[in-house]
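Report on one structure; see the data block that follows.
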Amino acid sequence: MQNKHIETIAVQAGWEPKNGEPRVTPIVQSTTFRYTSSKELADLFDLKVAGHFYTRLSNPTVEVVEKKMAALEGGVGAVAYASGQAATTALVMNLCQAGDHFVSTATIYGGTFNLFAHTLRKLGIEVSFVDQNAPEDEIAKAIRPNTKFIFGETLSNPSVKVLDIEKLARLARAADLPLVIDNTFPTPVLCRPFDHGANIVVHSLTKYSDGHASSLGGIIIDKGDYNFANGKFPDLSLPDPTYHGLVYTRDFGALGFIVKARAHILRDTGAQLAPLNAFLINMNLETLPLRMQRHSDNALALAQHLEKHPKVAWINYPGLDSSPEKPLAEKYLKGCSGVFTFGIKGDVKQAAKFMDSLKLAAQVIHVADARTGVLHPASTSHRQLSDEDKKTSGILPELIRVTVGLEHIDDIIADFDQALENV
């Protein structure tokens, strides 16, 4: 069967059991694998043949998640990591070295912002943050001769701004740079960035992909259409002395970027996804299309209800007719996911009183869970940012992030109503 629907891919891609093998993907909880030929093992180490020999580089259970996510996004290959943050770090390390530069939209997850703005600078890699809504010619001014890629989030965390992917793709093509998109919040069910000009996609699998707050994970997926042999990426197009002069772009073609992300970056950093976490994520991916529809429906209904509430000052959800993000949402998204932000009339104390009064929804750092939760990012997930950086990232002092779960919408609304009565 060709051109399978995404629901079918979510259930069946990645694991094809042979006669007598388990129907459900097994947990291969082993660090190492047995071979009877020393030559075969040597060829595995030299990347001459494919196979598993040490879980720090690859594992059969983890491989299922990699294949499934690549199929869902429409990529040629993927590498999974221990967390979304690990995957983003590996992405930069695979494309940059000391003295290099990249461009990122400013409205991104606080942990990613801090990684880009501070940690990577200590390694000699610089970033320029840009306003994703600025005109193309203004964003283009941030690109330098040593720029290696452009980065953005499809739906920003937590401000849920919708990225104009095709605008950034035009800028990336004009500068002969790969466009990298973090597609964590929409997931490939609601948006496939490759269809709009992106070259590489990253995910925090910890969020909707797992969807049950049970497992950390991250992944990089390559579409396989960017020419990494264009002279901008010597580590990919010149001999690697740690593999006897192997050249990734020459020896692996469209898979060169992914092979290096595994054989070099994953090998040296050891940030491998655990087999048990891979098992849980894979199992939860089977229901991803169903869950994303319910998350989106519930979030829209709650946002519409709160928009009319007299104690709500403002609300930001791209699915609302009043949202300035609505045109981009209709262009890129099949649903607006389950996260939105809003502000209560009054000061920060009123916001805290509201959150403390919730009974069904919980105050949690995690987002994209089956259970409804709220968070005050300015004092928690983004508190490491300066006031200026918070403003740049869209984190207002009164902002409350809501991650709408899979409970019945009437129960969610009732909980928010009773909590607002205490404000």
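A note on labels: chains of the structure tokens are A, B, ... as shown, every chain counts residues from 1, and ligands are counted from 1 in their shown order.
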Practice prompt. Run DSSP on the backbone and give me the residues of stretch 12-88 of chain A it puts in alpha helix (DSSP H), as a PyMOL selection string.
Written response: chain A and resi 12+38-45+60-73+84-88
Only C-alpha atoms, please: the residues just picked out, written as an mmCIF file, in the first residue's frame.
data_model
loop_
_atom_site.group_PDB
_atom_site.id
_atom_site.type_symbol
_atom_site.label_atom_id
_atom_site.label_comp_id
_atom_site.auth_asym_id
_atom_site.auth_seq_id
_atom_site.Cartn_x
_atom_site.Cartn_y
_atom_site.Cartn_z
ATOM 1 C CA GLN A 12 1.886 0.403 12.109
ATOM 2 C CA SER A 38 34.793 -10.426 14.242
ATOM 3 C CA LYS A 39 34.752 -9.006 10.715
ATOM 4 C CA GLU A 40 31.040 -8.263 10.910
ATOM 5 C CA LEU A 41 31.541 -6.449 14.207
ATOM 6 C CA ALA A 42 34.429 -4.469 12.744
ATOM 7 C CA ASP A 43 32.299 -3.512 9.748
ATOM 8 C CA LEU A 44 29.581 -2.286 12.112
ATOM 9 C CA PHE A 45 32.092 -0.043 13.896
ATOM 10 C CA PRO A 60 15.973 -2.032 18.088
ATOM 11 C CA THR A 61 13.217 -0.498 20.235
ATOM 12 C CA VAL A 62 14.528 3.020 19.744
ATOM 13 C CA GLU A 63 14.811 2.360 16.019
ATOM 14 C CA VAL A 64 11.061 1.756 15.818
ATOM 15 C CA VAL A 65 10.380 5.262 17.170
ATOM 16 C CA GLU A 66 12.903 6.725 14.732
ATOM 17 C CA LYS A 67 11.323 4.968 11.753
ATOM 18 C CA LYS A 68 7.794 5.848 12.834
ATOM 19 C CA MET A 69 8.556 9.546 13.372
ATOM 20 C CA ALA A 70 10.415 9.735 10.059
ATOM 21 C CA ALA A 71 7.408 8.202 8.332
ATOM 22 C CA LEU A 72 4.959 10.533 10.089
ATOM 23 C CA GLU A 73 6.942 13.636 9.114
ATOM 24 C CA GLY A 84 13.989 17.347 23.289
ATOM 25 C CA GLN A 85 16.709 19.576 24.697
ATOM 26 C CA ALA A 86 19.313 16.916 23.904
ATOM 27 C CA ALA A 87 17.995 16.665 20.339
ATOM 28 C CA THR A 88 18.171 20.436 19.826
#
Under the rule of at most 7 Å, produce a per-residue listing of stretch 328-368 of chain A near stretch 292-297 of chain A: chain, number, name, the closest pair of atoms, and the distance in Å, as a Markdown table, using only C-alpha atoms.
| residue | atom | partner | partner_atom | distance |
| --- | --- | --- | --- | --- |
| A:Gly335 | CA | A:Ser296 | CA | 5.7 |
| A:Cys336 | CA | A:Ser296 | CA | 5.6 |
| A:Ser337 | CA | A:Ser296 | CA | 4.5 |
| A:Gly338 | CA | A:His295 | CA | 4.6 |
Go ahead and write the residues just picked, C-alpha atoms, as a compact mmCIF listing (two decimals), in the first residue's frame.
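Generated file (out09.txt):
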# COMPACT_ATOMS: atom_id res chain seq x y z
CA GLY A 335 -5.87 21.99 14.35
CA CYS A 336 -4.30 24.40 16.83
CA SER A 337 -3.19 21.86 19.43
CA GLY A 338 -4.06 21.95 23.11
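Of the listed residues A:Trp314, A:Tyr208, A:Phe228, A:Tyr332, the one whose atoms come nearest to A:Pro289 is A:Tyr208, with distances taken using only C-alpha atoms.
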query: Could you pull the residues within 9 Å of stretch 214-227 of chain A, counting only C-alpha atoms, minus those fewer than 6 positions along the same chain, as a ChimeraX atom specification?
result: /A:66,69-70,73-88,90-91,176-178,194,198-207,249,253-258,261,272-274,276-278,280-281
- Task: Step one, run DSSP on the backbone; step two, keep only residues of stretch 129-209 of chain A assigned to strand (DSSP E); then write them as an NGL selection string.
- Result: :A and (129-130 or 147-153 or 179-182 or 200-204)
Hey, can you spit out that residue selection with N, CA and C atoms as a JSON list (two decimals), in the first residue's frame?
[["chain", "number", "residue", "atom", "x", "y", "z"],
["A", 129, "PHE", "N", 18.71, 36.51, 17.28],
["A", 129, "PHE", "CA", 17.27, 36.33, 17.41],
["A", 129, "PHE", "C", 16.55, 37.38, 16.58],
["A", 130, "VAL", "N", 15.51, 36.94, 15.90],
["A", 130, "VAL", "CA", 14.75, 37.83, 15.03],
["A", 130, "VAL", "C", 13.27, 37.74, 15.34],
["A", 147, "THR", "N", 26.76, 32.00, 8.84],
["A", 147, "THR", "CA", 25.48, 31.45, 9.30],
["A", 147, "THR", "C", 25.29, 30.05, 8.73],
["A", 148, "LYS", "N", 24.82, 29.13, 9.59],
["A", 148, "LYS", "CA", 24.70, 27.72, 9.19],
["A", 148, "LYS", "C", 23.26, 27.24, 9.03],
["A", 149, "PHE", "N", 22.30, 27.87, 9.71],
["A", 149, "PHE", "CA", 20.92, 27.45, 9.55],
["A", 149, "PHE", "C", 19.99, 28.49, 10.14],
["A", 150, "ILE", "N", 18.70, 28.35, 9.84],
["A", 150, "ILE", "CA", 17.64, 29.18, 10.39],
["A", 150, "ILE", "C", 16.69, 28.28, 11.18],
["A", 151, "PHE", "N", 16.25, 28.77, 12.35],
["A", 151, "PHE", "CA", 15.47, 27.93, 13.28],
["A", 151, "PHE", "C", 14.20, 28.65, 13.70],
["A", 152, "GLY", "N", 13.11, 27.89, 13.84],
["A", 152, "GLY", "CA", 11.87, 28.43, 14.37],
["A", 152, "GLY", "C", 10.97, 27.32, 14.88],
["A", 153, "GLU", "N", 9.93, 27.71, 15.64],
["A", 153, "GLU", "CA", 8.95, 26.76, 16.16],
["A", 153, "GLU", "C", 7.62, 26.93, 15.42],
["A", 179, "LEU", "N", 16.60, 25.03, 6.67],
["A", 179, "LEU", "CA", 15.60, 25.55, 7.60],
["A", 179, "LEU", "C", 15.23, 24.44, 8.57],
["A", 180, "VAL", "N", 15.37, 24.72, 9.86],
["A", 180, "VAL", "CA", 15.07, 23.75, 10.91],
["A", 180, "VAL", "C", 13.82, 24.21, 11.66],
["A", 181, "ILE", "N", 12.85, 23.33, 11.80],
["A", 181, "ILE", "CA", 11.61, 23.66, 12.48],
["A", 181, "ILE", "C", 11.36, 22.72, 13.65],
["A", 182, "ASP", "N", 11.09, 23.30, 14.81],
["A", 182, "ASP", "CA", 10.65, 22.53, 15.97],
["A", 182, "ASP", "C", 9.13, 22.36, 15.83],
["A", 200, "ILE", "N", 14.78, 20.22, 8.00],
["A", 200, "ILE", "CA", 15.02, 19.38, 9.18],
["A", 200, "ILE", "C", 13.93, 19.72, 10.21],
["A", 201, "VAL", "N", 13.46, 18.70, 10.91],
["A", 201, "VAL", "CA", 12.46, 18.89, 11.96],
["A", 201, "VAL", "C", 12.99, 18.29, 13.26],
["A", 202, "VAL", "N", 12.75, 18.98, 14.36],
["A", 202, "VAL", "CA", 13.08, 18.45, 15.68],
["A", 202, "VAL", "C", 11.81, 18.40, 16.52],
["A", 203, "HIS", "N", 11.80, 17.47, 17.47],
["A", 203, "HIS", "CA", 10.67, 17.32, 18.39],
["A", 203, "HIS", "C", 11.17, 17.07, 19.80],
["A", 204, "SER", "N", 10.42, 17.58, 20.75],
["A", 204, "SER", "CA", 10.48, 17.02, 22.09],
["A", 204, "SER", "C", 9.42, 15.93, 22.13]]
Using only C-alpha atoms, the residue out of A:Thr403, A:Ser379, A:Gln132, A:Asn146 with shortest distance to A:Gly110 is A:Ser379
**Study point:** Shell around A:Arg144 at 10 Å using only C-alpha atoms, local window under 6 positions removed, as an MDAnalysis selection string
**Key:** chainID A and resid 100:103 128 175
